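Below is one structure; the comments refer to it alone.
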Amino acid sequence: ARERKYAPAQSICNSARMSSQTAKKPVSAMITLGVETSGLTGMIALRRDGELLTERELEHSRRRHAQTLVLEIRSVLDEFALGSKQIDTVAVSIGPGSFTGLRVGVVFAKAFAWAADCRLVAVDTLHVIAAAAPDDCDDVSAVSDAQREQLFVDRYKRVSSCDWERAGEVVVRDNDDWCREVEAESSPGFAVSGPGLMKLLDGRELAVRMLDESLRFPRAAAVARIGEQLAERGMFA
(Lines give C-alpha, C1' and ligand atoms only; values in the text may rest on other atoms or scores of the structure.)
Protein backbone atom coordinates (compact mmCIF):
# COMPACT_ATOMS: atom_id res chain seq x y z
CA ALA A 1 0.00 0.00 0.00
CA ARG A 2 1.19 3.49 -0.78
CA GLU A 3 1.69 5.59 2.29
CA ARG A 4 1.20 9.25 3.16
CA LYS A 5 2.23 10.98 6.34
CA TYR A 6 -0.49 11.22 8.96
CA ALA A 7 -0.16 11.42 12.71
CA PRO A 8 -3.48 10.84 14.51
CA ALA A 9 -1.83 8.15 16.62
CA GLN A 10 -0.01 10.85 18.59
CA SER A 11 -3.35 11.80 20.15
CA ILE A 12 -3.75 8.27 21.54
CA CYS A 13 -0.28 8.36 23.03
CA ASN A 14 -0.97 11.73 24.62
CA SER A 15 -4.39 10.80 26.00
CA ALA A 16 -3.14 7.48 27.33
CA ARG A 17 -0.04 8.90 29.00
CA MET A 18 -1.61 9.09 32.44
CA SER A 19 -2.92 5.50 32.34
CA SER A 20 0.45 4.24 31.11
CA GLN A 21 2.04 5.74 34.20
CA THR A 22 -0.30 3.91 36.57
CA ALA A 23 -0.93 0.64 34.71
CA LYS A 24 2.43 -1.09 34.75
CA LYS A 25 2.85 -3.99 32.31
CA PRO A 26 4.24 -7.21 33.82
CA VAL A 27 7.70 -7.96 32.52
CA SER A 28 6.46 -11.18 30.89
CA ALA A 29 3.43 -9.65 29.14
CA MET A 30 3.68 -9.16 25.39
CA ILE A 31 0.92 -7.02 23.92
CA THR A 32 0.14 -6.84 20.20
CA LEU A 33 -2.27 -4.49 18.45
CA GLY A 34 -3.69 -5.73 15.14
CA VAL A 35 -5.08 -3.38 12.50
CA GLU A 36 -7.04 -4.61 9.47
CA THR A 37 -8.50 -2.05 7.03
CA SER A 38 -8.09 -3.78 3.66
CA GLY A 39 -11.70 -4.80 3.09
CA LEU A 40 -15.32 -3.82 3.50
CA THR A 41 -15.13 -4.05 7.28
CA GLY A 42 -12.28 -2.46 9.19
CA MET A 43 -11.27 -4.15 12.45
CA ILE A 44 -8.81 -3.89 15.32
CA ALA A 45 -7.69 -6.54 17.81
CA LEU A 46 -5.60 -6.75 20.96
CA ARG A 47 -3.60 -9.78 22.12
CA ARG A 48 -1.66 -10.33 25.32
CA ASP A 49 0.77 -13.21 25.86
CA GLY A 50 -0.62 -15.11 22.89
CA GLU A 51 -4.27 -14.77 23.92
CA LEU A 52 -6.92 -12.65 22.22
CA LEU A 53 -8.27 -9.94 24.52
CA THR A 54 -10.72 -8.35 22.12
CA GLU A 55 -11.57 -7.79 18.47
CA ARG A 56 -13.68 -4.86 17.35
CA GLU A 57 -15.28 -3.90 14.07
CA LEU A 58 -14.97 -0.28 12.97
CA GLU A 59 -18.15 1.63 12.31
CA HIS A 60 -18.96 0.72 8.71
CA SER A 61 -20.17 4.12 7.53
CA ARG A 62 -16.92 5.79 8.57
CA ARG A 63 -14.42 2.94 8.38
CA ARG A 64 -12.15 4.73 5.91
CA HIS A 65 -11.65 7.71 8.18
CA ALA A 66 -8.58 7.61 10.35
CA GLN A 67 -10.36 9.36 13.21
CA THR A 68 -12.63 6.30 13.64
CA LEU A 69 -9.55 4.12 14.01
CA VAL A 70 -8.08 6.49 16.58
CA LEU A 71 -11.24 6.54 18.68
CA GLU A 72 -11.69 2.76 18.66
CA ILE A 73 -8.09 2.04 19.64
CA ARG A 74 -8.25 4.65 22.38
CA SER A 75 -11.41 2.94 23.67
CA VAL A 76 -9.77 -0.50 23.62
CA LEU A 77 -6.70 0.73 25.50
CA ASP A 78 -8.90 2.40 28.09
CA GLU A 79 -11.01 -0.74 28.51
CA PHE A 80 -7.96 -2.80 29.46
CA ALA A 81 -6.28 0.01 31.43
CA LEU A 82 -3.37 0.12 29.03
CA GLY A 83 -1.24 2.98 27.85
CA SER A 84 0.13 3.18 24.32
CA LYS A 85 3.67 2.73 25.64
CA GLN A 86 2.67 -0.74 26.85
CA ILE A 87 2.07 -1.98 23.31
CA ASP A 88 5.04 -4.09 22.19
CA THR A 89 4.05 -4.62 18.56
CA VAL A 90 1.56 -3.13 16.14
CA ALA A 91 0.72 -5.45 13.25
CA VAL A 92 -1.02 -4.05 10.20
CA SER A 93 -2.57 -5.68 7.16
CA ILE A 94 -0.82 -4.35 4.04
CA GLY A 95 -2.95 -5.72 1.21
CA PRO A 96 -3.72 -6.30 -1.51
CA GLY A 97 -7.06 -4.66 -0.88
CA SER A 98 -8.84 -1.31 -0.89
CA PHE A 99 -6.28 1.43 -1.50
CA THR A 100 -8.12 3.97 0.65
CA GLY A 101 -8.60 1.56 3.53
CA LEU A 102 -5.02 0.28 3.39
CA ARG A 103 -3.63 3.80 3.32
CA VAL A 104 -5.50 4.67 6.50
CA GLY A 105 -4.38 1.51 8.30
CA VAL A 106 -0.74 1.54 7.22
CA VAL A 107 -0.15 5.23 7.85
CA PHE A 108 -1.86 5.00 11.22
CA ALA A 109 0.22 1.97 12.23
CA LYS A 110 3.46 3.70 11.27
CA ALA A 111 2.51 6.81 13.22
CA PHE A 112 1.41 4.79 16.25
CA ALA A 113 4.60 2.69 16.26
CA TRP A 114 6.73 5.83 16.08
CA ALA A 115 4.80 7.68 18.80
CA ALA A 116 4.59 4.67 21.14
CA ASP A 117 8.15 3.53 20.40
CA CYS A 118 6.99 -0.01 19.61
CA ARG A 119 7.75 -2.51 16.87
CA LEU A 120 5.92 -2.46 13.53
CA VAL A 121 5.07 -5.63 11.59
CA ALA A 122 3.58 -5.74 8.09
CA VAL A 123 1.22 -8.67 7.48
CA ASP A 124 0.17 -9.75 3.99
CA THR A 125 -3.62 -9.73 3.77
CA LEU A 126 -3.79 -12.90 1.69
CA HIS A 127 -1.68 -14.66 4.35
CA VAL A 128 -4.33 -13.70 6.90
CA ILE A 129 -7.03 -15.22 4.68
CA ALA A 130 -5.13 -18.46 4.09
CA ALA A 131 -4.43 -18.86 7.81
CA ALA A 132 -8.17 -19.00 8.51
CA ALA A 133 -8.44 -22.37 6.70
CA PRO A 134 -9.75 -25.35 8.70
CA ASP A 135 -7.48 -28.17 9.87
CA ASP A 136 -8.23 -30.42 6.88
CA CYS A 137 -6.93 -27.81 4.46
CA ASP A 138 -3.17 -27.30 4.02
CA ASP A 139 -2.89 -25.54 0.66
CA VAL A 140 -4.81 -22.34 -0.15
CA SER A 141 -5.01 -20.09 -3.18
CA ALA A 142 -6.18 -16.77 -1.71
CA VAL A 143 -7.62 -14.08 -3.96
CA SER A 144 -8.85 -10.52 -3.82
CA ASP A 145 -10.46 -8.40 -6.50
CA ALA A 146 -8.01 -6.53 -8.74
CA GLN A 147 -10.77 -4.99 -10.90
CA ARG A 148 -10.96 -5.29 -14.70
CA GLU A 149 -11.90 -9.01 -14.51
CA GLN A 150 -8.65 -9.80 -12.71
CA LEU A 151 -7.58 -11.14 -9.32
CA PHE A 152 -4.69 -10.66 -6.94
CA VAL A 153 -3.55 -14.22 -6.24
CA ASP A 154 -1.22 -15.67 -3.65
CA ARG A 155 -0.71 -19.25 -2.50
CA TYR A 156 0.11 -20.45 1.01
CA LYS A 157 0.89 -23.88 2.43
CA ARG A 158 0.55 -25.02 6.02
CA VAL A 159 3.81 -25.82 7.82
CA SER A 160 2.27 -26.40 11.27
CA SER A 161 -1.11 -26.15 12.95
CA CYS A 162 -0.89 -22.35 13.23
CA ASP A 163 1.81 -21.44 10.73
CA TRP A 164 1.68 -20.95 6.96
CA GLU A 165 4.33 -20.05 4.43
CA ARG A 166 4.04 -18.40 1.06
CA ALA A 167 4.46 -20.73 -1.90
CA GLY A 168 5.12 -18.02 -4.48
CA GLU A 169 4.52 -14.30 -4.95
CA VAL A 170 1.45 -12.14 -5.32
CA VAL A 171 0.45 -12.08 -8.98
CA VAL A 172 -2.40 -10.59 -10.98
CA ARG A 173 -4.32 -13.16 -13.03
CA ASP A 174 -7.26 -12.95 -15.38
CA ASN A 175 -10.35 -14.44 -13.77
CA ASP A 176 -10.78 -17.16 -16.40
CA ASP A 177 -7.13 -18.22 -16.31
CA TRP A 178 -7.16 -18.55 -12.53
CA CYS A 179 -10.38 -20.55 -12.58
CA ARG A 180 -8.92 -23.03 -15.05
CA GLU A 181 -5.78 -23.41 -12.96
CA VAL A 182 -7.50 -24.09 -9.66
CA GLU A 183 -10.04 -26.44 -11.19
CA ALA A 184 -7.13 -28.55 -12.45
CA GLU A 185 -5.71 -28.94 -8.90
CA SER A 186 -5.85 -32.50 -7.56
CA SER A 187 -4.41 -32.11 -4.04
CA PRO A 188 -6.99 -33.27 -1.45
CA GLY A 189 -5.97 -30.50 0.96
CA PHE A 190 -6.32 -27.71 -1.61
CA ALA A 191 -8.95 -24.98 -1.42
CA VAL A 192 -9.57 -21.44 -2.59
CA SER A 193 -10.63 -18.48 -0.47
CA GLY A 194 -10.69 -14.72 -0.27
CA PRO A 195 -12.95 -11.73 -0.87
CA GLY A 196 -12.21 -11.94 -4.60
CA LEU A 197 -14.59 -14.90 -4.82
CA MET A 198 -17.61 -12.74 -4.09
CA LYS A 199 -17.64 -10.96 -7.44
CA LEU A 200 -16.08 -13.88 -9.30
CA LEU A 201 -18.88 -16.29 -8.35
CA ASP A 202 -21.64 -13.98 -9.49
CA GLY A 203 -23.24 -16.20 -12.15
CA ARG A 204 -20.30 -18.61 -12.31
CA GLU A 205 -19.78 -22.17 -11.03
CA LEU A 206 -16.34 -23.16 -9.77
CA ALA A 207 -15.47 -26.87 -9.59
CA VAL A 208 -13.02 -26.69 -6.69
CA ARG A 209 -13.30 -26.62 -2.92
CA MET A 210 -14.15 -23.13 -1.70
CA LEU A 211 -13.81 -22.24 1.95
CA ASP A 212 -16.91 -21.04 3.74
CA GLU A 213 -17.83 -17.42 3.15
CA SER A 214 -17.24 -16.67 6.84
CA LEU A 215 -13.55 -17.54 6.34
CA ARG A 216 -12.94 -15.51 3.19
CA PHE A 217 -12.38 -12.11 4.76
CA PRO A 218 -9.36 -11.01 6.83
CA ARG A 219 -9.82 -10.44 10.55
CA ALA A 220 -7.78 -8.26 12.87
CA ALA A 221 -7.37 -11.09 15.38
CA ALA A 222 -5.48 -13.08 12.75
CA VAL A 223 -3.43 -10.03 11.77
CA ALA A 224 -2.34 -9.69 15.40
CA ARG A 225 -1.59 -13.43 15.75
CA ILE A 226 0.50 -13.58 12.58
CA GLY A 227 2.16 -10.32 13.61
CA GLU A 228 3.27 -12.00 16.84
CA GLN A 229 4.81 -14.86 14.86
CA LEU A 230 6.65 -12.49 12.54
CA ALA A 231 7.87 -10.39 15.48
CA GLU A 232 9.27 -13.50 17.17
CA ARG A 233 11.32 -14.09 14.01
CA GLY A 234 12.53 -10.49 13.93
CA MET A 235 10.63 -9.68 10.74
CA PHE A 236 9.86 -6.01 11.36
CA ALA A 237 8.80 -3.35 8.87
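We name chains A, B, ... following the order of the C-alpha coordinates; residues begin at 1 in each chain, and ligands are numbered from 1 as shown.
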Practice task
Please provide the set of residues having any atom within 12 Å of Gly234 (chain A), restricted to only C-alpha atoms, with same-chain residues fewer than 6 positions apart removed, written as a PyMOL selection string.
Solution key: chain A and resi 89+119-122+227-228
Could you give me, as a PDB file with N, CA and C atoms, in the first residue's frame, the residues within 7 Å of Ile87 (chain A), counting only C-alpha atoms and dropping anything in the same chain fewer than 6 positions from it?
ATOM      1  N   ILE A  31       2.209  -7.528  24.402  1.00  0.00           N
ATOM      2  CA  ILE A  31       0.923  -7.023  23.918  1.00  0.00           C
ATOM      3  C   ILE A  31       1.057  -6.611  22.458  1.00  0.00           C
ATOM      4  N   THR A  32       0.129  -7.110  21.641  1.00  0.00           N
ATOM      5  CA  THR A  32       0.137  -6.836  20.205  1.00  0.00           C
ATOM      6  C   THR A  32      -1.186  -6.214  19.785  1.00  0.00           C
ATOM      7  N   LEU A  33      -1.098  -5.145  19.032  1.00  0.00           N
ATOM      8  CA  LEU A  33      -2.266  -4.486  18.453  1.00  0.00           C
ATOM      9  C   LEU A  33      -2.349  -4.863  16.981  1.00  0.00           C
ATOM     10  N   CYS A 118       7.155   1.439  19.627  1.00  0.00           N
ATOM     11  CA  CYS A 118       6.990  -0.011  19.613  1.00  0.00           C
ATOM     12  C   CYS A 118       7.351  -0.554  18.231  1.00  0.00           C
TER      13      CYS A 118
END
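For Asp124 (chain A), the residues within 7 Å (counting only C-alpha atoms, excluding itself and residues fewer than 4 positions away along the chain) are Ser93, Ile94, Gly95 and Val128 of chain A.
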Selection from above, N, CA, C and O atoms, as a PDB file, in the first residue's frame, can you write it?
ATOM      1  N   SER A  93      -2.319  -5.016   8.439  1.00  0.00           N
ATOM      2  CA  SER A  93      -2.567  -5.676   7.160  1.00  0.00           C
ATOM      3  C   SER A  93      -2.175  -4.733   6.031  1.00  0.00           C
ATOM      4  O   SER A  93      -2.579  -3.571   6.014  1.00  0.00           O
ATOM      5  N   ILE A  94      -1.367  -5.233   5.071  1.00  0.00           N
ATOM      6  CA  ILE A  94      -0.817  -4.351   4.035  1.00  0.00           C
ATOM      7  C   ILE A  94      -1.334  -4.649   2.628  1.00  0.00           C
ATOM      8  O   ILE A  94      -0.810  -4.142   1.656  1.00  0.00           O
ATOM      9  N   GLY A  95      -2.375  -5.473   2.513  1.00  0.00           N
ATOM     10  CA  GLY A  95      -2.949  -5.717   1.208  1.00  0.00           C
ATOM     11  C   GLY A  95      -2.408  -6.968   0.544  1.00  0.00           C
ATOM     12  O   GLY A  95      -1.631  -7.715   1.158  1.00  0.00           O
ATOM     13  N   VAL A 128      -3.302 -13.692   5.863  1.00  0.00           N
ATOM     14  CA  VAL A 128      -4.333 -13.704   6.897  1.00  0.00           C
ATOM     15  C   VAL A 128      -5.519 -14.566   6.461  1.00  0.00           C
ATOM     16  O   VAL A 128      -6.067 -15.351   7.249  1.00  0.00           O
TER      17      VAL A 128
END
Exercise for the section: Provide the CA of Pro218 (chain A) to CA of Ile129 (chain A) distance in Å, to one decimal place. Expected result: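 Pair CA of Pro218 (chain A) / CA of Ile129 (chain A) returns 5.3 Å.
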Near region 173-195 of chain A, 12 Å: region 79-107 of chain A residue rows, closest pairs, only C-alpha atoms, as a Markdown table:
| residue | atom | partner | partner_atom | distance |
| --- | --- | --- | --- | --- |
| A:Gly95 | CA | A:Pro195 | CA | 11.8 |
| A:Pro96 | CA | A:Pro195 | CA | 10.7 |
| A:Gly97 | CA | A:Pro195 | CA | 9.2 |
| A:Ser98 | CA | A:Pro195 | CA | 11.2 |
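For the pair CA of Arg103 (chain A) and CA of Asp49 (chain A), the separation is 28.6 Å.
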Practice task
Taking the chain letters and numbering used in this document, name the residues of region 144-236 of chain A that DSSP puts in strand (DSSP E or B), as a PyMOL selection string.
Solution key: chain A and resi 144-145+150-160+163-166+171-174+190-193+210
Problem - Nearby residues (only C-alpha atoms) at most 9 Å from Ile73 (chain A), same-chain spacing under 4 positions excluded, as a ChimeraX atom specification - result: /A:12,33,44-45,68-69,77-78
